[in-house]
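Structure first, commentary second.
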Amino acid sequence: MKKAFKKIASQLHLWLGIISGLVVFVVALTGCILVFEDELEPVLYPDFHVVKANAGERRLPLDHLKSIIAYKFPKNKIQRITIEPDHERTIIFNLKTKEKEGLSAAIDPFTGRITAVRDEHEAFFGVVLRLHRYLCLEDTGKVITGISCVMFLVIMITGLVLWWPNRKNQKQRFRIKWDAKFKRLNWDLHAVFGFYVLPFIFLIAATGLVWSYKWVNNLIYLAFDGKPQVIREAPANISLNGAENDYLLEKILAETNSQLPNPGRILFTMPKTDSLSITVSKVDDNAAVSNIVSFLYFDKNNGNLVSKRLYENESRGMKARRLVYPIHTGNIWGLPTKIIAFVVALIAASLPVTGVIIWLGKKVKGKKKVRGMKVAEENEDGLVRRRVVV
């Protein structure tokens with residue numbers, strides 16, 4: 001019974017690995033790159049993110065910066081405005097285009113100079129993210145990565161079954177024999193490394209299903225709230241019309257920092273219609289874990305606060321859902337967990353490679369054995385009677 005179970009596990013591990021191996025390799029490798037996106041972005045695109053400011057220099061009003069962007073890009077509606085907590089960072093305006101990602105313009109908040117413009121669809125990390133999520137194949141790719149992710153979970157479970165040690169090979173299962181021949185070393189890299197990173201990879205892969213399947217996302221809310229996710233939209237404006245206000249966004253920014261005094265990234269999301277309010281979210285950088293976000297809604301006409309959606313008042317389901325992204329990316333406790341996620345993703349990318357090498361090695365060995373048996377059969381009736389075993 002035990003042998004039959006291991007045989008089934010072996011076949012599942014092999015064939016699911018062959019089917020999903022390439023996708024797992026691409027998703028894991030791109031995930032490895034995305035771990036340090038926040039740190040690498042300013043390095044790759046310094047003009048887009050970094051400015052130099054003199055001591056005591058004050059930023060221009062946000063509304064003035066908006067008017068510069070609107071003048072330079074009259075055909076593109078502003079979708080989002082991103083303000084980093086770091087004093088020497090640009091303010092980024094995301095503009096609507098035919099592409100989903102849009103066009104982004106970075107502006108120096110002290111001089112009003114547009115420092116860089118880029119198409120987010122062609123930006124390096126934008127391409128890497130699309131590869132990671134759906135192989136740059138839109139809905140088709142999303143289906144492929146989702147199915148491959150499920151397969152990978154099964155592969156990990158069957159791999160653990162095949163790895164499970166007995167009394168004779170217990171020491172071998174827990175350590176890599178670095179001075180061994182290539183075949184043995186490759187097996188150790190696959191099996192031993194795979195064992196040590198399995199809990200982390202399993203958690204990363206399982207949380208990744210949230211973006212592939214709505215039912216997995218809803219499962220979080222059902223588990224913690226007892227009901228599916230409630231889609232929330234920005235509330236309507238209170239006032240019908242408002243007089244022109246040259247300091248509307250600056251008023252909203254000041255009120256946001258007053259309501260949410262902790263440092264963190266601020267994101268303005270402009271309403272899709274004139275009847276809805278402006279959504280402003282702010283990340284709490286002082287929180288114990290990352291991705292702790294509160295939302296404020298401001299009247300588009302006069303900048304008055306319409307309503308709050310503070311993190312402490314969120315449902316347990318929403319709080320649990322907020323943890324999915326930092327767990328998946330390794331950002332939950334900052335740099336230490338990012339380093340763990342980077343190493344784990346790198347090893348995960350290596351597993352399909354070492355697995356294929358093991359499989360090819362077995363195929364070559366199998367062919368040699370078959371050839372040896374044929375020689376033995378041909379010699380049975382000949383003058384030379386010997387069995388050839390390679």
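Convention: chains lettered A, B, ... in structure tokens order; per-chain residue numbering from 1; ligands numbered from 1 as shown.
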Per residue of stretch 88-141 of chain A within 7 Å of stretch 41-52 of chain A, what are the shortest atom pair and its distance in Å to one decimal, counting only C-alpha atoms, with rows by chain and residue number, as CSV?
residue,atom,partner,partner_atom,distance
A:Glu88,CA,A:Val51,CA,5.2
A:Arg89,CA,A:Val50,CA,4.7
A:Thr90,CA,A:His49,CA,5.2
A:Ala106,CA,A:Phe48,CA,5.6
A:Asp108,CA,A:Val51,CA,6.4
A:Thr115,CA,A:Asp47,CA,5.9
A:Ala116,CA,A:Phe48,CA,5.1
Please produce a file of the residues just selected, as a PDB file, in the first residue's frame, where the atoms kept are C-alpha atoms.
ATOM      1  CA  GLU A  88      13.623  64.310  -1.989  1.00  0.00           C
ATOM      2  CA  ARG A  89      11.226  62.343  -4.185  1.00  0.00           C
ATOM      3  CA  THR A  90       9.233  63.426  -7.193  1.00  0.00           C
ATOM      4  CA  ALA A 106       7.213  62.742 -12.595  1.00  0.00           C
ATOM      5  CA  ASP A 108       9.931  68.110  -9.198  1.00  0.00           C
ATOM      6  CA  THR A 115      11.769  65.352 -14.745  1.00  0.00           C
ATOM      7  CA  ALA A 116      10.661  62.247 -16.659  1.00  0.00           C
TER       8      ALA A 116
END
Item checked: Near-stretch 278-287 of chain A list (9 Å; only C-alpha atoms; drop same-chain fewer than 3 positions) as a PyMOL selection string -> chain A and resi 234-235+237+252-253+256-257+260-271+290-300+303
Take the residues just selected and output them with C-alpha atoms as an mmCIF file, in the first residue's frame.
data_model
loop_
_atom_site.group_PDB
_atom_site.id
_atom_site.type_symbol
_atom_site.label_atom_id
_atom_site.label_comp_id
_atom_site.auth_asym_id
_atom_site.auth_seq_id
_atom_site.Cartn_x
_atom_site.Cartn_y
_atom_site.Cartn_z
ATOM 1 C CA ALA A 234 -16.064 56.237 -3.323
ATOM 2 C CA PRO A 235 -19.141 57.964 -1.861
ATOM 3 C CA ASN A 237 -20.035 64.381 -3.230
ATOM 4 C CA ILE A 252 -7.091 67.776 0.972
ATOM 5 C CA LEU A 253 -3.402 66.936 1.484
ATOM 6 C CA THR A 256 -5.036 63.927 5.195
ATOM 7 C CA ASN A 257 -1.831 64.561 7.135
ATOM 8 C CA LEU A 260 -3.442 60.417 9.468
ATOM 9 C CA PRO A 261 -0.254 61.917 10.985
ATOM 10 C CA ASN A 262 1.953 58.834 10.635
ATOM 11 C CA PRO A 263 4.479 58.932 7.765
ATOM 12 C CA GLY A 264 3.668 56.946 4.644
ATOM 13 C CA ARG A 265 2.924 57.019 0.932
ATOM 14 C CA ILE A 266 -0.161 59.053 -0.041
ATOM 15 C CA LEU A 267 -2.201 58.135 -3.098
ATOM 16 C CA PHE A 268 -4.867 60.391 -4.611
ATOM 17 C CA THR A 269 -7.356 58.480 -6.776
ATOM 18 C CA MET A 270 -9.450 60.817 -8.868
ATOM 19 C CA PRO A 271 -13.140 59.914 -9.313
ATOM 20 C CA SER A 290 3.333 46.561 5.984
ATOM 21 C CA ASN A 291 0.279 47.363 3.845
ATOM 22 C CA ILE A 292 -1.678 48.965 6.690
ATOM 23 C CA VAL A 293 -3.751 51.512 4.779
ATOM 24 C CA SER A 294 -6.508 53.949 5.733
ATOM 25 C CA PHE A 295 -8.825 55.759 3.305
ATOM 26 C CA LEU A 296 -10.337 59.242 3.383
ATOM 27 C CA TYR A 297 -12.956 60.550 0.950
ATOM 28 C CA PHE A 298 -13.128 64.242 0.038
ATOM 29 C CA ASP A 299 -15.760 66.258 -1.760
ATOM 30 C CA LYS A 300 -14.508 66.954 -5.268
ATOM 31 C CA GLY A 303 -12.351 69.557 -0.595
#
Check: DSSP says helix (DSSP H, G or I) for which residues of stretch 109-202 of chain A? Put them as a PyMOL selection string?
Finding: chain A and resi 124-134+138-163+170-174+182-202
Check: Skipping near chain neighbours, those fewer than 6 positions away, what residues fall within 12 Å of stretch 319-321 of chain A using only C-alpha atoms, listed as a ChimeraX atom specification?
Finding: /A:207,210-211,216-225,228-229,289-294,310-313,327-328
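For the set A:Pro352, A:Gly361, A:Gly194, A:Gly126, the residue with the smallest atom-to-atom gap to A:Ile33 is A:Gly126, counting only C-alpha atoms.
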Margin query: Measuring between only C-alpha atoms, which one of A:Glu255, A:Glu122, A:Glu138, A:Glu84 shows the shortest distance to A:Ser212?
Written below: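 Of the candidates, the smallest distance to A:Ser212 is held by A:Glu138.
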Notebook entry, point to check: as a PyMOL selection string, which residues of stretch 19-256 of chain A does DSSP assign to strand (DSSP E)?
Noted result: chain A and resi 78-83+91-95+103-107+114-119
Residues from the last selection, N, CA, C and O atoms, saved as a compact mmCIF listing (two decimals), in the first residue's frame:
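Result written to part04.txt:
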# COMPACT_ATOMS: atom_id res chain seq x y z
N ILE A 78 -6.02 63.01 -15.48
CA ILE A 78 -5.24 62.54 -14.33
C ILE A 78 -6.03 61.47 -13.59
O ILE A 78 -7.19 61.68 -13.21
N GLN A 79 -5.41 60.31 -13.39
CA GLN A 79 -6.06 59.20 -12.68
C GLN A 79 -5.62 59.11 -11.22
O GLN A 79 -6.44 58.93 -10.33
N ARG A 80 -4.29 59.19 -11.02
CA ARG A 80 -3.76 59.05 -9.67
C ARG A 80 -2.59 60.01 -9.45
O ARG A 80 -1.89 60.38 -10.40
N ILE A 81 -2.38 60.38 -8.20
CA ILE A 81 -1.23 61.19 -7.80
C ILE A 81 -0.56 60.48 -6.63
O ILE A 81 -1.21 60.17 -5.63
N THR A 82 0.74 60.21 -6.76
CA THR A 82 1.47 59.50 -5.72
C THR A 82 2.48 60.43 -5.07
O THR A 82 3.32 61.03 -5.77
N ILE A 83 2.41 60.52 -3.75
CA ILE A 83 3.32 61.38 -2.99
C ILE A 83 4.07 60.51 -1.99
O ILE A 83 3.46 59.92 -1.07
N ILE A 91 6.88 63.88 -7.31
CA ILE A 91 5.46 63.56 -7.21
C ILE A 91 5.04 63.01 -8.57
O ILE A 91 5.34 63.61 -9.61
N ILE A 92 4.39 61.87 -8.57
CA ILE A 92 4.08 61.18 -9.82
C ILE A 92 2.60 61.29 -10.14
O ILE A 92 1.75 60.94 -9.32
N PHE A 93 2.33 61.75 -11.35
CA PHE A 93 0.96 61.86 -11.85
C PHE A 93 0.74 60.75 -12.86
O PHE A 93 1.47 60.67 -13.86
N ASN A 94 -0.24 59.90 -12.63
CA ASN A 94 -0.58 58.84 -13.58
C ASN A 94 -1.74 59.32 -14.45
O ASN A 94 -2.77 59.76 -13.93
N LEU A 95 -1.56 59.25 -15.77
CA LEU A 95 -2.52 59.79 -16.72
C LEU A 95 -3.18 58.68 -17.52
O LEU A 95 -2.55 57.66 -17.82
N LEU A 103 0.01 56.44 -18.59
CA LEU A 103 1.24 57.21 -18.77
C LEU A 103 1.54 57.90 -17.44
O LEU A 103 0.65 58.41 -16.78
N SER A 104 2.81 57.92 -17.03
CA SER A 104 3.18 58.55 -15.77
C SER A 104 4.16 59.68 -16.01
O SER A 104 5.13 59.52 -16.77
N ALA A 105 3.91 60.81 -15.35
CA ALA A 105 4.80 61.97 -15.43
C ALA A 105 5.29 62.30 -14.04
O ALA A 105 4.49 62.44 -13.10
N ALA A 106 6.61 62.40 -13.89
CA ALA A 106 7.21 62.74 -12.60
C ALA A 106 7.57 64.22 -12.61
O ALA A 106 8.16 64.71 -13.58
N ILE A 107 7.24 64.91 -11.53
CA ILE A 107 7.47 66.36 -11.47
C ILE A 107 8.23 66.72 -10.20
O ILE A 107 7.99 66.15 -9.13
N ILE A 114 9.03 69.00 -15.01
CA ILE A 114 8.73 67.59 -15.29
C ILE A 114 10.05 66.88 -15.55
O ILE A 114 10.73 67.15 -16.54
N THR A 115 10.44 65.98 -14.67
CA THR A 115 11.77 65.35 -14.75
C THR A 115 11.81 64.14 -15.67
O THR A 115 12.85 63.84 -16.24
N ALA A 116 10.69 63.44 -15.80
CA ALA A 116 10.66 62.25 -16.66
C ALA A 116 9.22 61.87 -16.96
O ALA A 116 8.31 62.14 -16.16
N VAL A 117 9.03 61.25 -18.11
CA VAL A 117 7.72 60.72 -18.52
C VAL A 117 7.93 59.31 -19.03
O VAL A 117 8.90 59.05 -19.74
N ARG A 118 7.06 58.40 -18.66
CA ARG A 118 7.20 57.04 -19.16
C ARG A 118 5.85 56.37 -19.36
O ARG A 118 4.87 56.67 -18.66
N ASP A 119 5.83 55.45 -20.31
CA ASP A 119 4.66 54.60 -20.55
C ASP A 119 4.76 53.43 -19.59
O ASP A 119 5.69 52.62 -19.68
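Among the candidates A:Tyr134, A:Trp333, A:Tyr247, A:Phe125, the one nearest to A:Asn301 when counting only C-alpha atoms is A:Tyr247.
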Next item on the list: Work out how far apart atom CA of A:Phe36 and atom CA of A:Lys338 are and give it in Å to one decimal.
Entry: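 Calculated distance between atom CA of A:Phe36 and atom CA of A:Lys338 is 7.4 Å.
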Item checked: Nearest candidate to A:Leu305 (options A:Leu248, A:Ile340, A:Leu335, A:Ala348; using only C-alpha atoms) ->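 Nearest to A:Leu305: A:Leu248.
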Checklist line | Which of A:Val197, A:Val154, A:Ile147, A:Gly17 sits closest to A:Leu209 [using only C-alpha atoms] | finding: A:Ile147
Next item on the list: Compare A:Lys168, A:Lys272, A:Arg130, A:Lys365 by their minimum atom-to-atom distance to A:Val26, counting only C-alpha atoms, and give me the closest one.
Entry: A:Arg130
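Of note, atom CA of A:His121 and atom CA of A:Glu99 are spaced 6.9 Å apart.
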Checklist line | 9 Å contact set for A:Leu198, only C-alpha atoms, chain neighbours under 6 positions out, as a list of chain:residue names | finding: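 Residues meeting the cut-off are A:Met156, A:Ile157, A:Leu160, A:Val344, A:Ala348.
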Writing out the chosen residues with all heavy atoms as an mmCIF file, in the first residue's frame:
data_model
loop_
_atom_site.group_PDB
_atom_site.id
_atom_site.type_symbol
_atom_site.label_atom_id
_atom_site.label_comp_id
_atom_site.auth_asym_id
_atom_site.auth_seq_id
_atom_site.Cartn_x
_atom_site.Cartn_y
_atom_site.Cartn_z
ATOM 1 N N MET A 156 4.481 20.165 -4.606
ATOM 2 C CA MET A 156 5.158 20.306 -3.310
ATOM 3 C C MET A 156 4.726 19.226 -2.328
ATOM 4 O O MET A 156 5.550 18.667 -1.593
ATOM 5 C CB MET A 156 4.896 21.703 -2.733
ATOM 6 C CG MET A 156 5.734 22.787 -3.386
ATOM 7 S SD MET A 156 5.529 24.388 -2.582
ATOM 8 C CE MET A 156 4.116 25.023 -3.466
ATOM 9 N N ILE A 157 3.441 18.912 -2.317
ATOM 10 C CA ILE A 157 2.929 17.877 -1.401
ATOM 11 C C ILE A 157 3.496 16.511 -1.789
ATOM 12 O O ILE A 157 3.982 15.763 -0.931
ATOM 13 C CB ILE A 157 1.385 17.854 -1.420
ATOM 14 C CG1 ILE A 157 0.832 19.176 -0.855
ATOM 15 C CG2 ILE A 157 0.855 16.667 -0.615
ATOM 16 C CD1 ILE A 157 -0.645 19.361 -1.076
ATOM 17 N N LEU A 160 7.158 16.203 -0.937
ATOM 18 C CA LEU A 160 7.398 15.917 0.481
ATOM 19 C C LEU A 160 7.219 14.424 0.774
ATOM 20 O O LEU A 160 7.976 13.834 1.548
ATOM 21 C CB LEU A 160 6.437 16.744 1.350
ATOM 22 C CG LEU A 160 6.605 16.626 2.866
ATOM 23 C CD1 LEU A 160 7.986 17.115 3.295
ATOM 24 C CD2 LEU A 160 5.514 17.410 3.590
ATOM 25 N N VAL A 344 14.060 32.294 -1.318
ATOM 26 C CA VAL A 344 13.056 31.251 -1.540
ATOM 27 C C VAL A 344 12.598 31.239 -2.996
ATOM 28 O O VAL A 344 12.498 30.174 -3.623
ATOM 29 C CB VAL A 344 11.854 31.464 -0.590
ATOM 30 C CG1 VAL A 344 10.656 30.634 -1.031
ATOM 31 C CG2 VAL A 344 12.232 31.102 0.843
ATOM 32 N N ALA A 348 13.029 28.341 -5.721
ATOM 33 C CA ALA A 348 11.831 27.837 -6.413
ATOM 34 C C ALA A 348 12.033 27.836 -7.920
ATOM 35 O O ALA A 348 11.609 26.910 -8.621
ATOM 36 C CB ALA A 348 10.617 28.684 -6.045
#
